[in-house]
Amino acid sequence: MRIVFIGPPGAGKGTQCGRLTERLGIPHLSTGEMLRGTERNSPLGKIVASYIDHGRLAPDYLVLPIVTQRLSEADCLGGCLLDGFPRTVNQAEKLDQFLAENAWKLDVVLNLTVPSEVLIARLLQRAEQENRADDTDETIAARLEIFRTQTAPVLDYYQQQKLVKSIDGSKNPDEVFELICQAVG
Ligand code: AMP
């Protein structure tokens with residue numbers, strides 16, 4: 001199965017993908033993790049950090065090759081979970097193109113919905129626990145705004161393909177996982 005997770009920062013995509021990857025035995029591809037994994041002191045790492053640390057989207061010329069290369073690796077041939085990608089309609093179109101070239105397709109797009117006051121509380125808590133450089137008041141606001149303006153339209157794009165299933169991500173993690181398992185059958 002090829003599954004896309006869409007949800008604002010703090011919706012629980014990482015947590016739920018971590019569980020689902022074990023249940024389905026397919027890899028979990030997080031573009032945020034991949035980008036954060038770039039050596040911060042390297043020239044590329046400095047460019048990447050200048051986006052992530054301000055809550056801005058990294059440019060497609062950096063993100064698209066990382067994703068398509070990873071999708072072509074042997075462990076992804078049987079499917080994967082995409083967490084944090086695509087985040088713009090342009091990325092969704094490029095992903096569709098890449099999948100079609102390989103005679104692949106997406107099976108489902110899971111839309112994790114969570115009210116913004118719950119998101120902000122979760123992100124501030126994560127900031128304390130994980131010490132992520134992009135979990136500050138300012139960057140949280142920037143990332144939520146980018147989700148609203150750039151990523152939410154990706155849902156409309158996939159609605160047209162009748163791929164979207166919405167999940168109430170405000171419930172506790174066990175309940176959310178149960179809903180996800182039902183949605184992916
Ligand atoms: P995440 O771990 O998914 O919350 O992503 C953390 C940060 O990585 C985001 O705020 C962006 O700066 C960057 N990022 C992750 N995925 C993408 C993407 N698909 N396109 C552009 N930037 C991304």
# chains A, B, ... in the order shown; residues from 1 in each chain; ligands from 1

$ closest_atom_pairs --of "chain A" --to "ligand 1" --cutoff "6 Å" --atoms "only C-alpha atoms and all ligand atoms" --output "CSV"
residue,atom,partner,partner_atom_place_in_ligand_line,distance
A:Pro9,CA,ligand 1,4 (O),5.4
A:Thr31,CA,ligand 1,16 (N),4.4
A:Gly32,CA,ligand 1,2 (O),3.5
A:Glu33,CA,ligand 1,2 (O),5.8
A:Tyr51,CA,ligand 1,12 (O),5.2
A:Ile52,CA,ligand 1,12 (O),3.6
A:Gly55,CA,ligand 1,10 (O),4.5
A:Arg56,CA,ligand 1,12 (O),4.7
A:Leu57,CA,ligand 1,22 (N),3.6
A:Ala58,CA,ligand 1,22 (N),3.8
A:Pro59,CA,ligand 1,21 (C),5.9
A:Val63,CA,ligand 1,20 (N),5.8
A:Gly84,CA,ligand 1,3 (O),4.4
A:Phe85,CA,ligand 1,19 (N),4.0
A:Pro86,CA,ligand 1,19 (N),5.0
A:Arg87,CA,ligand 1,19 (N),4.7
A:Arg143,CA,ligand 1,10 (O),5.9

$ select_by_dssp --residues "stretch 76-131 of chain A" --states "strand (DSSP E)" --output "list of chain:residue names"
A:Cys80, A:Leu81, A:Leu82, A:Asp83, A:Val108, A:Val109, A:Leu110, A:Asn111, A:Leu112, A:Thr113

$ write_last_selection --atoms "C-alpha atoms" --output "tab-separated table (two decimals), in the first residue's frame"
chain	number	residue	atom	x	y	z
A	80	CYS	CA	5.34	3.01	2.05
A	81	LEU	CA	3.83	5.62	4.35
A	82	LEU	CA	4.47	9.22	3.31
A	83	ASP	CA	4.54	11.56	6.30
A	108	VAL	CA	-5.41	6.30	0.35
A	109	VAL	CA	-4.76	9.77	1.76
A	110	LEU	CA	-5.39	9.99	5.50
A	111	ASN	CA	-6.37	13.45	6.70
A	112	LEU	CA	-5.72	13.84	10.43
A	113	THR	CA	-7.89	16.66	11.76

$ residues_around --residues "stretch 121-126 of chain A" --least-positions-apart "4" --cutoff "9 Å" --atoms "only C-alpha atoms" --output "number ranges by chain"
A: 9-11, 116-117, 130-132, 135-137, 140

$ write_last_selection --atoms "N, CA, C and O atoms" --output "tab-separated table (two decimals), in the first residue's frame"
chain	number	residue	atom	x	y	z
A	9	PRO	N	1.00	20.45	11.68
A	9	PRO	CA	2.02	20.06	12.66
A	9	PRO	C	1.35	19.83	14.01
A	9	PRO	O	0.48	20.59	14.42
A	10	GLY	N	1.72	18.73	14.66
A	10	GLY	CA	1.13	18.41	15.96
A	10	GLY	C	-0.10	17.52	15.86
A	10	GLY	O	-0.69	17.14	16.87
A	11	ALA	N	-0.47	17.12	14.64
A	11	ALA	CA	-1.68	16.28	14.48
A	11	ALA	C	-1.42	14.83	14.88
A	11	ALA	O	-2.36	14.05	15.05
A	116	SER	N	-7.14	23.81	16.26
A	116	SER	CA	-5.84	24.49	16.41
A	116	SER	C	-5.42	24.69	17.86
A	116	SER	O	-4.23	24.65	18.16
A	117	GLU	N	-6.39	24.87	18.79
A	117	GLU	CA	-5.95	25.08	20.19
A	117	GLU	C	-5.29	23.81	20.74
A	117	GLU	O	-4.33	23.88	21.51
A	130	GLU	N	11.18	17.44	23.32
A	130	GLU	CA	12.12	17.02	22.27
A	130	GLU	C	13.13	18.08	21.92
A	130	GLU	O	14.05	17.83	21.15
A	131	ASN	N	12.92	19.31	22.42
A	131	ASN	CA	13.86	20.38	22.15
A	131	ASN	C	14.06	20.60	20.64
A	131	ASN	O	15.19	20.78	20.18
A	132	ARG	N	12.97	20.54	19.87
A	132	ARG	CA	13.08	20.76	18.43
A	132	ARG	C	13.19	22.26	18.16
A	132	ARG	O	12.40	23.05	18.67
A	135	ASP	N	9.98	24.23	17.18
A	135	ASP	CA	8.79	24.26	18.04
A	135	ASP	C	8.81	25.48	18.97
A	135	ASP	O	8.77	25.35	20.19
A	136	THR	N	8.93	26.67	18.43
A	136	THR	CA	8.83	27.88	19.24
A	136	THR	C	7.51	28.57	18.86
A	136	THR	O	6.93	28.28	17.81
A	137	ASP	N	7.06	29.51	19.72
A	137	ASP	CA	5.79	30.21	19.46
A	137	ASP	C	5.70	30.73	18.02
A	137	ASP	O	4.73	30.53	17.32
A	140	ILE	N	5.80	27.92	15.29
A	140	ILE	CA	4.55	27.15	15.33
A	140	ILE	C	3.48	27.92	14.55
A	140	ILE	O	2.78	27.36	13.70

$ atom_distance --atom1 "atom CA of A:Gly45" --atom2 "atom CA of A:Ala142"
20.8 Å

$ atom_distance --atom1 "atom CA of A:Ile146" --atom2 "atom CA of A:Gly169"
19.2 Å

$ closest_residue --among "A:Thr38, A:Pro173, A:Ala183, A:Arg2" --to "A:Gly14" --atoms "only C-alpha atoms"
A:Pro173
